[in-house]
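Engineer: Here you go, one structure.
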Amino acid sequence: EIRHIPRPEDWPGRLERLFYCMNGLAEKHTVDCSIVIPVYNEETNIRLLLPELQEVLDNLHKTYEIIFVDDGSSDNTTKIITEAAQQRPEIKLITLRRNFGQTAAMSAGFDAAVGDVIIPMDGDLQNDPNDIPKLLERIDEGYDVVSGWRINRQDKYWTRRLPSNLANRLISLTTNVHLHDYGCTLKAYRREVLQRIELYGEMHRFIPALASWIGVKVTEMPVNHRARTHGKSKYGISRTIHVILDLMTVKFLLSYSTKPIQIFGLLGLISMFSSVGLMAGVVYTRIRYDMVIANNSMFLLSVLFFILGIQFIGMGLLGEVIMRTYHESQGKPIYVVANTVNLPGYCPGLPG
Ligand code: UDP
Ligand code: MG
């Protein structure tokens with residue numbers, strides 16, 4: 001049965017909202033494992049993935065749910081999943097109103113998931129369902145997060161593998177969670193790890209780092225990676241740039257009150273002292289030798305750009321924080337649900 005969730009602005013009032021949430025609580029139950037799959041125009045892949053995934057999960061003899069999040073697909077993705085879900089109640093679908101991006105879609109799935117363990121994966125067959133039992137084994141060993149490591153990553157070298165190798169090094173250097181492959185979607189989380197973590201941008205890869213604040217046992221596990229055979233990748237090199245910019249935000253958010261001002265204050269002081277030093281040099285040569293060195297103006301210009309750069313970074317960080325505060329204070333969601341299948345009582349935006 002397809003349930004249409006009214007848009008928040010259409011809800012008559014808070015009471016109505018409360019009703020929706022309580023309805024959700026009343027019907028709440030858990031399963032052993034939730035698979036969360038964001039999909040954006042993956043019709044061919046889903047047809048092949050579903051039987052493969054179900055076979056693996058059925059052999060586990062655990063209770064499970066497969067939550068697809070349709071991130072504004074315009075092909076038959078929605079139709080195929082809806083049909084599958086109508087036959088099997090453990091297949092669930094959240095359709096977003098438009099394309100919100102992989103992280104937001106994943107977040108929608110996390111909010112709906114009721115599994116003790118939550119496993120996100122790609123819907124394009126690049127992650128291998130056969131790795132799921134192994135991930136669960138590691139969770140049973142006592143880890144809170146098991147992160148997949150695509151040792152034989154099947155993506156283009158120059159635009160994907162090389163930049164993401166560099167980004168991985170950088171993330172490992174700057175956060176206290178050391179992994180080889182942060183970007184791998186296939187990971188396993190205990191549900192409590194995902195609570196209270198706000199995701200946006202390209203942030204899904206920083207969940208382990210963000211979660212490290214509450215104290216988690218993280219491990220990495222080699223997983224199989226398969227080349228994309230159907231449909232197109234939605235990302236190129238620009239993704240790595242987004243990742244690096246998001247990394248700065250994560251650093252900032254993790255480092256609380258004093259560190260940012262220490263870092264930026266120090267940089268600011270250094271640049272101010274050097275500009276004063278340069279100015280003194282210019283004045284000295286003017287008085288002592290009565291000459292103007294033409295290159296000085298160029299040098300000053302570069303100093304000026306240096307200071308500008310610092311200001312931009314600082315403003316970018318401030319902007320991020322203000323935006324985050326704004327989002328939180330407005331209760332503005334990072335995704336909006338159009339409708340759901342097999343998710344009665346699901347209240348968008350609230351943890352499952
Ligand atoms: N995806 C999504 N929304 C987007 C882009 C991608 O839900 O805006 C899904 C996509 O359908 C796939 C997964 O995210 O299931 C990974 O995307 P993709 O394969 O394009 O990324 P890559 O493997 O190239 O990093
Ligand atoms: Mg892919």
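Following the order of the structure tokens, chains are lettered A, B, ..., residues in each are numbered from 1, and ligands are numbered from 1.
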How would you report the residues lying within 7 Å of ligand 1, as a PyMOL selection string, if you count only C-alpha atoms and all ligand atoms?

Structural biologist: chain A and resi 37-42+70-71+99-102+105+122-124+126+232-235

Engineer: Output the selection as a PDB file, in the first residue's frame - N, CA and C atoms for each residue.

Structural biologist:
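Result file is again_21.pdb:
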ATOM      1  N   ILE A  37      19.668   1.641   0.895  1.00  0.00           N
ATOM      2  CA  ILE A  37      20.221   1.807  -0.454  1.00  0.00           C
ATOM      3  C   ILE A  37      19.663   3.056  -1.142  1.00  0.00           C
ATOM      4  N   PRO A  38      20.445   4.129  -1.220  1.00  0.00           N
ATOM      5  CA  PRO A  38      19.999   5.291  -1.983  1.00  0.00           C
ATOM      6  C   PRO A  38      20.114   4.988  -3.472  1.00  0.00           C
ATOM      7  N   VAL A  39      19.084   5.301  -4.217  1.00  0.00           N
ATOM      8  CA  VAL A  39      19.141   5.019  -5.655  1.00  0.00           C
ATOM      9  C   VAL A  39      18.661   6.214  -6.470  1.00  0.00           C
ATOM     10  N   TYR A  40      19.400   6.500  -7.502  1.00  0.00           N
ATOM     11  CA  TYR A  40      19.056   7.594  -8.395  1.00  0.00           C
ATOM     12  C   TYR A  40      19.213   7.087  -9.822  1.00  0.00           C
ATOM     13  N   ASN A  41      18.120   6.805 -10.450  1.00  0.00           N
ATOM     14  CA  ASN A  41      18.110   6.261 -11.815  1.00  0.00           C
ATOM     15  C   ASN A  41      18.962   5.005 -11.959  1.00  0.00           C
ATOM     16  N   GLU A  42      18.569   3.973 -11.256  1.00  0.00           N
ATOM     17  CA  GLU A  42      19.330   2.716 -11.296  1.00  0.00           C
ATOM     18  C   GLU A  42      18.426   1.553 -11.707  1.00  0.00           C
ATOM     19  N   ASP A  70      14.557   6.384  -2.937  1.00  0.00           N
ATOM     20  CA  ASP A  70      14.552   6.834  -4.319  1.00  0.00           C
ATOM     21  C   ASP A  70      14.785   8.347  -4.333  1.00  0.00           C
ATOM     22  N   ASP A  71      15.966   8.705  -4.781  1.00  0.00           N
ATOM     23  CA  ASP A  71      16.418  10.088  -4.690  1.00  0.00           C
ATOM     24  C   ASP A  71      16.018  10.871  -5.950  1.00  0.00           C
ATOM     25  N   ASN A  99      15.737  15.200  -6.293  1.00  0.00           N
ATOM     26  CA  ASN A  99      17.070  14.683  -6.056  1.00  0.00           C
ATOM     27  C   ASN A  99      17.762  15.508  -4.964  1.00  0.00           C
ATOM     28  N   PHE A 100      17.990  14.863  -3.812  1.00  0.00           N
ATOM     29  CA  PHE A 100      18.611  15.582  -2.694  1.00  0.00           C
ATOM     30  C   PHE A 100      20.079  15.201  -2.521  1.00  0.00           C
ATOM     31  N   GLY A 101      20.564  14.244  -3.299  1.00  0.00           N
ATOM     32  CA  GLY A 101      21.958  13.798  -3.163  1.00  0.00           C
ATOM     33  C   GLY A 101      22.057  12.541  -2.318  1.00  0.00           C
ATOM     34  N   GLN A 102      23.134  11.819  -2.561  1.00  0.00           N
ATOM     35  CA  GLN A 102      23.303  10.498  -1.937  1.00  0.00           C
ATOM     36  C   GLN A 102      23.309  10.552  -0.409  1.00  0.00           C
ATOM     37  N   ALA A 105      19.825  11.250   0.954  1.00  0.00           N
ATOM     38  CA  ALA A 105      18.989  10.075   0.731  1.00  0.00           C
ATOM     39  C   ALA A 105      19.336   8.993   1.758  1.00  0.00           C
ATOM     40  N   ASP A 122      25.585   0.903  -2.037  1.00  0.00           N
ATOM     41  CA  ASP A 122      25.204   1.516  -3.308  1.00  0.00           C
ATOM     42  C   ASP A 122      24.230   0.612  -4.044  1.00  0.00           C
ATOM     43  N   GLY A 123      23.386   1.215  -4.861  1.00  0.00           N
ATOM     44  CA  GLY A 123      22.404   0.433  -5.600  1.00  0.00           C
ATOM     45  C   GLY A 123      22.863   0.096  -7.001  1.00  0.00           C
ATOM     46  N   ASP A 124      24.151   0.292  -7.297  1.00  0.00           N
ATOM     47  CA  ASP A 124      24.607   0.124  -8.672  1.00  0.00           C
ATOM     48  C   ASP A 124      25.431  -1.140  -8.871  1.00  0.00           C
ATOM     49  N   GLN A 126      27.992  -2.055  -7.423  1.00  0.00           N
ATOM     50  CA  GLN A 126      29.440  -1.932  -7.193  1.00  0.00           C
ATOM     51  C   GLN A 126      29.832  -2.534  -5.852  1.00  0.00           C
ATOM     52  N   LYS A 232      25.187   5.265 -15.469  1.00  0.00           N
ATOM     53  CA  LYS A 232      26.383   6.114 -15.356  1.00  0.00           C
ATOM     54  C   LYS A 232      26.672   6.510 -13.916  1.00  0.00           C
ATOM     55  N   SER A 233      27.953   6.725 -13.601  1.00  0.00           N
ATOM     56  CA  SER A 233      28.298   7.289 -12.296  1.00  0.00           C
ATOM     57  C   SER A 233      27.841   8.740 -12.277  1.00  0.00           C
ATOM     58  N   LYS A 234      27.373   9.165 -11.120  1.00  0.00           N
ATOM     59  CA  LYS A 234      26.873  10.527 -11.006  1.00  0.00           C
ATOM     60  C   LYS A 234      27.956  11.488 -10.557  1.00  0.00           C
ATOM     61  N   TYR A 235      29.183  10.988 -10.414  1.00  0.00           N
ATOM     62  CA  TYR A 235      30.222  11.839  -9.852  1.00  0.00           C
ATOM     63  C   TYR A 235      31.489  11.852 -10.689  1.00  0.00           C
TER      64      TYR A 235
END

Engineer: Write out as an MDAnalysis selection string which residues come within 9 Å of Thr44 (chain A) when counting only C-alpha atoms, dropping same-chain ones fewer than 5 positions away.

Structural biologist: chainID A and resid 49 76:77 124 230:231

Engineer: Looking only at the backbone, which of the residues in region 152-291 of chain A does DSSP tag as alpha helix (DSSP H), as number ranges by chain?

Structural biologist: A: 162-174, 191-194, 207-211, 238-254, 258-288

Engineer: Name the closest residue to ligand 2 among the candidates A:Met203, A:Ile244, A:Asp155, A:Leu60; distances are taken between atoms, counting only C-alpha atoms and all ligand atoms.

Structural biologist: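 Smallest separation from ligand 2 among the options: A:Asp155.
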
Engineer: What is the distance, in Å and to one decimal place, between CA of Arg169 (chain A) and CA of Asp181 (chain A)?

Structural biologist: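 Taking CA of Arg169 (chain A) and CA of Asp181 (chain A), their separation equals 9.1 Å.
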
Engineer: Can you tell me, as a JSON list (two decimals) with C-alpha atoms, in the first residue's frame, what residues are no more than 8 Å from region 268-281 of chain A when counting only C-alpha atoms, ignoring any on the same chain fewer than 6 positions away?

Structural biologist:
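The result, written out as part_39.json:
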[["chain", "number", "residue", "atom", "x", "y", "z"],
["A", 300, "LEU", "CA", 52.38, 43.19, -1.56],
["A", 303, "VAL", "CA", 50.44, 39.15, 0.54],
["A", 306, "PHE", "CA", 47.20, 35.57, 1.12],
["A", 307, "ILE", "CA", 45.22, 37.49, 3.71],
["A", 310, "ILE", "CA", 42.54, 33.29, 5.05]]
